[in-house]
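Chemist: Input file: structure.txt. Contents: compact mmCIF, C-alpha atoms and all ligand atoms.
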```
# COMPACT_ATOMS: atom_id res chain seq x y z
CA MET U 1 -6.06 13.60 -0.55
CA GLU U 2 -8.04 10.39 -0.06
CA LYS U 3 -7.27 8.39 3.04
CA LEU U 4 -4.49 5.82 2.68
CA ILE U 5 -5.44 2.19 2.09
CA ILE U 6 -2.76 -0.14 3.45
CA THR U 7 -2.59 -3.68 2.07
CA ALA U 8 -0.61 -6.31 3.94
CA ALA U 9 0.75 -9.11 1.75
CA ILE U 10 1.31 -11.33 4.75
CA SER U 11 2.69 -14.57 3.38
CA GLY U 12 3.44 -14.76 -0.35
CA ALA U 13 4.41 -18.00 -2.04
CA GLU U 14 8.16 -17.64 -2.39
CA VAL U 15 9.61 -16.56 0.98
CA THR U 16 10.27 -19.21 3.62
CA LYS U 17 11.09 -19.50 7.30
CA GLU U 18 14.74 -19.73 6.18
CA HIS U 19 14.43 -16.11 5.01
CA ASN U 20 12.59 -15.05 8.15
CA PRO U 21 11.26 -17.44 10.84
CA ASN U 22 8.14 -15.30 11.22
CA ILE U 23 6.81 -16.17 7.74
CA PRO U 24 3.37 -17.76 8.33
CA TYR U 25 2.57 -21.28 7.06
CA THR U 26 -0.12 -22.76 9.33
CA VAL U 27 -3.71 -21.53 9.60
CA GLU U 28 -2.92 -20.21 13.08
CA GLU U 29 0.20 -18.38 11.84
CA ILE U 30 -1.70 -16.87 8.90
CA GLY U 31 -4.35 -15.65 11.34
CA ARG U 32 -1.71 -14.22 13.69
CA GLU U 33 0.02 -12.29 10.90
CA ALA U 34 -3.25 -10.97 9.46
CA GLU U 35 -4.32 -9.78 12.90
CA SER U 36 -1.01 -8.01 13.56
CA ALA U 37 -1.33 -6.13 10.25
CA TYR U 38 -5.02 -5.32 10.77
CA LYS U 39 -4.46 -4.00 14.29
CA ALA U 40 -1.65 -1.79 12.96
CA GLY U 41 -3.90 -0.24 10.27
CA ALA U 42 -4.12 -2.57 7.25
CA SER U 43 -7.56 -2.69 5.66
CA ILE U 44 -6.73 -5.31 3.00
CA ILE U 45 -5.05 -8.67 3.53
CA HIS U 46 -3.52 -9.99 0.29
CA LEU U 47 -3.52 -13.71 0.88
CA HIS U 48 -1.46 -16.68 -0.29
CA VAL U 49 -1.74 -19.87 1.73
CA ARG U 50 0.60 -22.76 2.44
CA GLU U 51 0.56 -26.33 3.62
CA ASP U 52 1.88 -26.70 7.18
CA ASP U 53 5.35 -27.45 5.77
CA GLY U 54 5.38 -24.16 3.82
CA THR U 55 4.50 -25.55 0.38
CA PRO U 56 2.37 -22.96 -1.47
CA THR U 57 -1.12 -24.18 -2.36
CA GLN U 58 -4.25 -22.73 -3.96
CA ASP U 59 -6.40 -25.50 -2.46
CA LYS U 60 -9.94 -24.22 -1.95
CA GLU U 61 -10.41 -25.91 1.43
CA ARG U 62 -7.12 -24.57 2.76
CA PHE U 63 -8.08 -21.09 1.56
CA LYS U 64 -11.45 -21.41 3.28
CA GLU U 65 -9.84 -22.43 6.57
CA CYS U 66 -7.38 -19.53 6.40
CA MET U 67 -10.02 -16.99 5.34
CA ASP U 68 -12.30 -18.11 8.19
CA GLU U 69 -9.43 -17.66 10.65
CA VAL U 70 -8.58 -14.21 9.26
CA ARG U 71 -12.26 -13.23 9.40
CA ARG U 72 -12.54 -14.47 13.02
CA ARG U 73 -9.61 -12.30 14.09
CA CYS U 74 -10.21 -9.29 11.80
CA PRO U 75 -14.00 -9.13 11.38
CA ASP U 76 -14.24 -6.34 8.80
CA VAL U 77 -10.95 -6.62 6.92
CA ILE U 78 -11.03 -7.00 3.09
CA ILE U 79 -9.57 -10.37 2.15
CA GLN U 80 -7.90 -10.42 -1.26
CA PRO U 81 -6.80 -13.93 -2.27
CA SER U 82 -4.06 -14.33 -4.85
CA THR U 83 -4.95 -15.92 -8.18
CA GLY U 84 -1.25 -15.82 -9.04
CA GLY U 85 -0.39 -18.58 -6.61
CA ALA U 86 3.14 -19.81 -7.23
CA VAL U 87 5.12 -20.09 -10.48
CA GLY U 88 4.22 -23.29 -12.35
CA MET U 89 0.66 -23.74 -11.06
CA THR U 90 -2.09 -24.36 -13.63
CA ASP U 91 -4.85 -21.81 -14.23
CA GLN U 92 -7.41 -24.19 -12.70
CA GLU U 93 -5.32 -24.54 -9.53
CA ARG U 94 -4.85 -20.79 -9.32
CA LEU U 95 -8.54 -19.98 -9.70
CA GLN U 96 -9.75 -22.09 -6.75
CA PRO U 97 -10.04 -19.27 -4.16
CA THR U 98 -12.43 -17.38 -6.49
CA GLU U 99 -14.97 -20.17 -5.84
CA LEU U 100 -15.22 -18.76 -2.31
CA HIS U 101 -16.53 -15.45 -3.72
CA PRO U 102 -14.09 -13.09 -1.98
CA GLU U 103 -14.66 -9.33 -2.36
CA MET U 104 -11.38 -8.94 -4.25
CA ALA U 105 -8.72 -11.11 -5.89
CA THR U 106 -5.59 -10.40 -7.87
CA LEU U 107 -5.55 -10.41 -11.67
CA ASP U 108 -2.02 -10.62 -13.07
CA CYS U 109 -2.01 -8.85 -16.43
CA GLY U 110 1.01 -10.30 -18.20
CA THR U 111 3.88 -12.77 -18.27
CA LEU U 112 7.16 -11.89 -16.61
CA ASN U 113 10.56 -13.08 -15.46
CA PHE U 114 10.40 -14.09 -11.83
CA GLY U 115 14.08 -14.63 -11.04
CA GLY U 116 16.55 -17.32 -12.13
CA ASP U 117 14.83 -19.58 -14.67
CA GLU U 118 11.32 -18.89 -13.36
CA ILE U 119 8.68 -17.42 -15.66
CA PHE U 120 5.29 -16.40 -14.25
CA VAL U 121 2.98 -17.18 -17.16
CA ASN U 122 -0.19 -15.16 -17.83
CA THR U 123 -1.24 -15.55 -21.46
CA GLU U 124 -3.91 -13.34 -23.04
CA ASN U 125 -6.44 -16.16 -22.68
CA THR U 126 -5.52 -16.67 -19.01
CA ILE U 127 -6.10 -12.98 -18.28
CA LYS U 128 -9.38 -12.92 -20.19
CA ASN U 129 -10.66 -16.10 -18.54
CA PHE U 130 -9.72 -14.91 -15.06
CA GLY U 131 -11.30 -11.47 -15.73
CA LYS U 132 -14.55 -12.97 -17.04
CA LEU U 133 -14.81 -15.32 -14.09
CA MET U 134 -14.25 -12.47 -11.63
CA ILE U 135 -17.10 -10.50 -13.23
CA GLU U 136 -19.38 -13.56 -13.00
CA ARG U 137 -18.41 -14.11 -9.35
CA ASP U 138 -18.72 -10.42 -8.44
CA ILE U 139 -15.06 -10.13 -7.40
CA LYS U 140 -13.20 -6.83 -7.82
CA PRO U 141 -9.83 -7.52 -9.42
CA GLU U 142 -6.66 -5.89 -8.19
CA ILE U 143 -4.72 -5.66 -11.45
CA GLU U 144 -1.13 -6.67 -10.79
CA VAL U 145 1.23 -4.63 -12.96
CA PHE U 146 4.88 -5.66 -13.19
CA ASP U 147 5.61 -3.37 -16.15
CA LYS U 148 3.86 -0.79 -18.30
CA GLY U 149 2.55 -3.19 -20.99
CA MET U 150 0.37 -4.81 -18.35
CA ILE U 151 -1.56 -1.54 -17.96
CA ASP U 152 -2.14 -1.54 -21.71
CA TYR U 153 -3.39 -5.13 -21.52
CA ALA U 154 -5.80 -4.19 -18.72
CA ILE U 155 -7.17 -1.26 -20.74
CA LYS U 156 -7.54 -3.47 -23.83
CA PHE U 157 -9.34 -6.20 -21.88
CA HIS U 158 -11.53 -3.60 -20.18
CA LYS U 159 -12.61 -2.36 -23.64
CA GLN U 160 -13.36 -5.97 -24.64
CA GLY U 161 -15.56 -6.46 -21.55
CA PHE U 162 -13.28 -8.71 -19.47
CA ILE U 163 -12.52 -6.15 -16.72
CA LYS U 164 -14.97 -3.62 -15.29
CA ALA U 165 -14.18 0.04 -14.53
CA PRO U 166 -13.25 1.73 -12.30
CA MET U 167 -10.13 -0.41 -12.29
CA HIS U 168 -7.82 -0.81 -9.32
CA PHE U 169 -4.11 -1.31 -10.07
CA ASP U 170 -1.20 -2.55 -7.97
CA PHE U 171 2.21 -1.53 -9.33
CA VAL U 172 4.82 -4.04 -8.26
CA LEU U 173 8.20 -2.32 -8.53
CA GLY U 174 11.46 -4.20 -8.25
CA VAL U 175 10.62 -7.58 -9.81
CA GLN U 176 10.77 -6.77 -13.52
CA MET U 177 10.54 -2.97 -13.74
CA ALA U 178 12.89 -0.94 -11.56
CA ALA U 179 11.70 0.49 -8.26
CA THR U 180 12.22 4.17 -8.99
CA ALA U 181 10.11 7.29 -8.59
CA ARG U 182 10.35 7.80 -12.36
CA ASP U 183 8.88 4.36 -13.11
CA LEU U 184 6.13 4.84 -10.53
CA ALA U 185 5.18 8.26 -11.91
CA PHE U 186 5.00 6.80 -15.44
CA MET U 187 2.68 4.00 -14.24
CA VAL U 188 0.39 6.44 -12.42
CA ASP U 189 0.27 8.64 -15.50
CA SER U 190 -0.68 5.66 -17.70
CA ILE U 191 -3.87 4.46 -15.97
CA PRO U 192 -7.36 5.66 -16.94
CA GLN U 193 -8.97 8.59 -15.11
CA GLY U 194 -11.06 7.37 -12.20
CA SER U 195 -8.83 4.36 -11.47
CA THR U 196 -7.34 3.75 -8.03
CA TRP U 197 -3.82 2.47 -7.40
CA THR U 198 -1.52 0.86 -4.89
CA ALA U 199 2.24 0.43 -5.09
CA ALA U 200 4.44 -2.32 -3.69
CA GLY U 201 8.22 -1.95 -3.59
CA ILE U 202 10.05 -5.26 -3.47
CA GLY U 203 12.93 -5.95 -1.07
CA ARG U 204 14.99 -3.01 0.13
CA ASN U 205 12.83 -0.66 -1.95
CA GLN U 206 9.72 -1.31 0.11
CA PHE U 207 9.62 1.68 2.43
CA GLN U 208 11.05 4.18 -0.06
CA ILE U 209 8.31 3.30 -2.56
CA ALA U 210 5.80 3.50 0.32
CA ALA U 211 6.94 7.03 1.22
CA ILE U 212 6.83 8.25 -2.41
CA THR U 213 3.39 6.67 -2.87
CA ILE U 214 1.98 8.26 0.27
CA ALA U 215 3.15 11.68 -0.92
CA MET U 216 1.66 11.07 -4.40
CA GLY U 217 -1.77 10.15 -3.01
CA GLY U 218 -1.62 6.42 -3.86
CA ASN U 219 -2.12 3.43 -1.60
CA VAL U 220 0.57 1.23 -0.12
CA ARG U 221 1.25 -2.50 0.03
CA VAL U 222 3.84 -3.94 2.41
CA GLY U 223 4.39 -7.35 4.00
CA PHE U 224 6.50 -10.48 4.07
CA GLU U 225 5.57 -11.37 0.48
CA ASP U 226 7.51 -8.35 -0.71
CA ASN U 227 10.22 -7.85 1.93
CA THR U 228 11.40 -9.63 5.06
CA TYR U 229 13.36 -6.77 6.65
CA ILE U 230 12.11 -3.83 8.73
CA SER U 231 15.36 -1.89 8.17
CA LYS U 232 18.82 -2.63 6.77
CA GLY U 233 19.96 -6.01 8.14
CA VAL U 234 17.09 -6.28 10.67
CA LEU U 235 14.43 -8.93 10.06
CA ALA U 236 10.83 -7.82 10.58
CA LYS U 237 9.13 -9.39 13.59
CA SER U 238 5.70 -9.33 11.98
CA ASN U 239 3.62 -7.85 9.19
CA GLY U 240 2.20 -5.57 11.86
CA GLU U 241 5.63 -4.05 12.43
CA MET U 242 5.85 -3.19 8.72
CA VAL U 243 2.34 -1.68 8.66
CA GLU U 244 3.21 0.37 11.77
CA LYS U 245 6.20 1.82 9.93
CA VAL U 246 3.95 2.86 7.01
CA VAL U 247 1.49 4.45 9.45
CA ARG U 248 4.35 6.44 11.03
CA ILE U 249 5.48 7.73 7.61
CA ALA U 250 1.86 8.59 6.71
CA ASN U 251 1.41 10.46 9.99
CA GLU U 252 4.54 12.50 9.29
CA LEU U 253 3.25 13.35 5.81
CA GLY U 254 -0.25 14.20 7.04
CA ARG U 255 -2.06 11.30 5.34
CA GLU U 256 -4.87 9.67 7.33
CA ILE U 257 -5.33 5.89 7.30
CA ALA U 258 -8.49 4.36 5.78
CA THR U 259 -10.54 1.93 7.84
CA PRO U 260 -11.80 -1.17 6.00
CA ALA U 261 -15.20 0.54 5.56
CA GLU U 262 -13.51 3.61 4.07
CA ALA U 263 -11.34 1.40 1.85
CA ARG U 264 -14.50 -0.30 0.53
CA GLU U 265 -15.96 3.09 -0.31
CA ILE U 266 -12.78 4.30 -2.07
CA LEU U 267 -12.55 1.06 -4.09
CA GLY U 268 -16.25 0.94 -4.94
CA LEU U 269 -16.86 -2.30 -3.03
CA LYS U 270 -20.21 -3.01 -1.40
CA PRO U 271 -20.38 -2.14 2.31
CA LEU U 272 -19.89 -5.19 4.52
CA GLU U 273 -23.18 -6.87 5.44
CA VAL U 274 -23.64 -7.00 9.21
CA LYS U 275 -24.93 -10.45 10.12
N1 LIG U 301 3.68 -15.59 -6.49
C1 LIG U 301 3.72 -15.01 -7.79
C2 LIG U 301 4.05 -16.05 -8.82
C3 LIG U 301 -0.39 -12.50 -7.20
O1 LIG U 301 -0.50 -12.70 -5.99
O2 LIG U 301 -1.35 -12.44 -7.95
C4 LIG U 301 2.45 -14.34 -8.16
C5 LIG U 301 1.96 -13.32 -7.25
C6 LIG U 301 0.99 -12.36 -7.80
O3 LIG U 301 2.28 -13.25 -6.08
ZN ZN U 302 0.76 -12.22 -4.24
```
Turn the structure described in the file into C-alpha cells.
Modeler:
Amino acid sequence: MEKLIITAAISGAEVTKEHNPNIPYTVEEIGREAESAYKAGASIIHLHVREDDGTPTQDKERFKECMDEVRRRCPDVIIQPSTGGAVGMTDQERLQPTELHPEMATLDCGTLNFGGDEIFVNTENTIKNFGKLMIERDIKPEIEVFDKGMIDYAIKFHKQGFIKAPMHFDFVLGVQMAATARDLAFMVDSIPQGSTWTAAGIGRNQFQIAAITIAMGGNVRVGFEDNTYISKGVLAKSNGEMVEKVVRIANELGREIATPAEAREILGLKPLEVK
C-alpha cells in the first residue's frame, strides 16, 4: 500500500471557540494549529482563515499572512486553501486565495444542503470557472465530494477540459451522504483508475472513517473543521492531537505515514523548490 497522506483541516469556517476554545482565528493561532498537525504527521494543511473575531474570510491579504505563518513554522508542508469559504460568499470572494498560486486548492463539485436553511451553492458554471482558473494558475484541485453525483460532475468536467487527470478526490461523509463503510466503498469504486482519494468523516464519525480508510489504502483528513472532539465527550486540545490519533491507528494497521515530499510524489505535485 502507498504511504498514508494525512490532511489536517485546522480551522474550517463554521466551528467557533464556543464549540471548542482551541479553534484558531488569529494568524498566530492558525500557525500554532498548523504546526501541531505538521509535527504530528500531517503533510497537507487544508486552510480556511478568519478575522481576529472569528468571522470567516477569503481575503487575499489575510490568506497571505496566514500562509506565510504556516510556511514559517512548517517549511515543507503542502498548503491547500479552501475555495469553498463559507456559505453565502460570492465566487469572486471564494477564488481570492488562488491568486496566491498555492500548490493545491479545493474544488467543490456540486450544490448541497449544509444544515438548517443553509445551501452551499456550486453551479455547473461555478465548477467550470474554478476548474479552468486552477488549470491556468497551475493549482492541483482536491475535488470535494459530498455525494456520488459530484464524482460524475468531476468526470464530466474532466472530459470537457476543466479538470486535469489524475484527479484527487476528498469524500466528505456525514454532511449530506451518510458516513458508512458502504457509502465510502461506493465512492472509491466510482472514481477513475489512477485517481487518488482522501476521506473525511464529519463529527463523531471522524475516527471510524479514518480507520476504514487506512485499511482500504486511502488517505485521511481530520481536524477541527470536521470534528471538535478527540473521543466521546472530550474536546480535542489541538489538531495535532487528532493527527496523533490517526498515526496511532495507522501504526496498528501497518500503514506508514507519508512525508510532505512523499505526498507530493503520490499526488503528482512538483517537488518543492529549495530556495
Ligand atoms: N465551508 C463550506 C461551506 C471547502 O473547503 O472547499 C465549504 C467547505 C469546502 O469547507
Ligand atoms: Zn474546507
Chemist: Taking into account all atoms listed in the file, which residue in the set U:Ala199, U:Leu184, U:Ile249, U:Met67 is nearest to Pro97 (chain U)?
Modeler: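 So, comparing all the options, the nearest one is U:Met67.
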Chemist: Go through chain U residue by residue and, counting all atoms listed in the file, keep those with an atom at most 6 Å from ligand LIG 301 (chain U); for each kept residue give the shortest atom pair and its distance in Å to one decimal, ordered by chain and increasing number, as JSON lines.
Modeler:
```
{"residue": "U:Ala13", "atom": "CA", "partner": "U:LIG301", "partner_atom": "N1", "distance": 5.1}
{"residue": "U:Ser82", "atom": "CA", "partner": "U:LIG301", "partner_atom": "O1", "distance": 4.1}
{"residue": "U:Thr83", "atom": "CA", "partner": "U:LIG301", "partner_atom": "O2", "distance": 5.0}
{"residue": "U:Gly84", "atom": "CA", "partner": "U:LIG301", "partner_atom": "O2", "distance": 3.6}
{"residue": "U:Gly85", "atom": "CA", "partner": "U:LIG301", "partner_atom": "N1", "distance": 5.1}
{"residue": "U:Ala86", "atom": "CA", "partner": "U:LIG301", "partner_atom": "C2", "distance": 4.2}
{"residue": "U:Val87", "atom": "CA", "partner": "U:LIG301", "partner_atom": "C2", "distance": 4.5}
{"residue": "U:Thr106", "atom": "CA", "partner": "U:LIG301", "partner_atom": "O2", "distance": 4.7}
{"residue": "U:Leu107", "atom": "CA", "partner": "U:LIG301", "partner_atom": "O2", "distance": 6.0}
{"residue": "U:Asp108", "atom": "CA", "partner": "U:LIG301", "partner_atom": "O2", "distance": 5.5}
{"residue": "U:Phe120", "atom": "CA", "partner": "U:LIG301", "partner_atom": "C2", "distance": 5.6}
```
Chemist: Could you tell me how far CA of His19 (chain U) sits from CA of Arg71 (chain U), in Å to one decimal place?
Modeler: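 Computing the Euclidean distance for CA of Arg71 (chain U) and CA of His19 (chain U) yields 27.2 Å.
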Chemist: Would you please work out which residue, of U:Lys148, U:Lys39, U:Lys159, U:Arg73, is nearest to Met177 (chain U) when using all atoms listed in the file?
Modeler: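 The answer is U:Lys148, which sits nearest to Met177 (chain U).
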Chemist: Excluding region 252-260 of chain U and residues on its chain fewer than 2 positions from it, collect all residues at most 10 Å away from it, counting all atoms listed in the file, and give them as JSON, numbers by chain.
Modeler: {"U": [1, 2, 3, 4, 5, 6, 38, 41, 42, 43, 44, 75, 76, 77, 78, 211, 214, 215, 217, 219, 246, 247, 248, 249, 250, 262, 263, 264, 265, 266, 271, 272]}
Chemist: Select the residues contacting ligand ZN 302 (chain U) at a distance of at most 12 Å, based on all atoms listed in the file, then format the selection as an NGL selection string.
Modeler: :U and (7-15 or 45-49 or 56 or 58 or 80-87 or 94 or 105-108 or 120 or 142-146 or 170-172 or 200 or 202 or 221-226)
Chemist: If you count all atoms listed in the file, which residues fall within 12 Å of Ile191 (chain U), apart from same-chain ones fewer than 4 positions away, as a PyMOL selection string?
Modeler: chain U and resi 143+145+148-156+158+165-171+184-187+195-198
Chemist: Do you have the CA of Lys232 (chain U)-CA of Asn251 (chain U) distance handy?
Modeler: 22.0 Å
Chemist: Can you work out the spacing between CA of Gly240 (chain U) and CA of Thr98 (chain U) in Å, to one decimal?
Modeler: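 Calculated distance between CA of Gly240 (chain U) and CA of Thr98 (chain U) is 26.3 Å.
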Chemist: Counting only C-alpha atoms, write as a list in words all protein and nucleic acid residues lying at most 12 Å from (15.8, -5.3, 6.6) in the file's frame.
Modeler: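 Neighbouring residues, ordered by chain and number, come to His19, Asn20, Ile202, Gly203, Arg204, Asn205, Gln206, Phe207, Gly223, Phe224, Asp226, Asn227, Thr228, Tyr229, Ile230, Ser231, Lys232, Gly233, Val234, Leu235, Ala236, Lys237, Glu241 and Met242 of chain U.
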Chemist: Which of these residues is nearest to Ser238 (chain U), using all atoms listed in the file: U:Glu35, U:Glu273, U:Glu93, U:Glu18?
Modeler: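 The answer is U:Glu35, which sits nearest to Ser238 (chain U).
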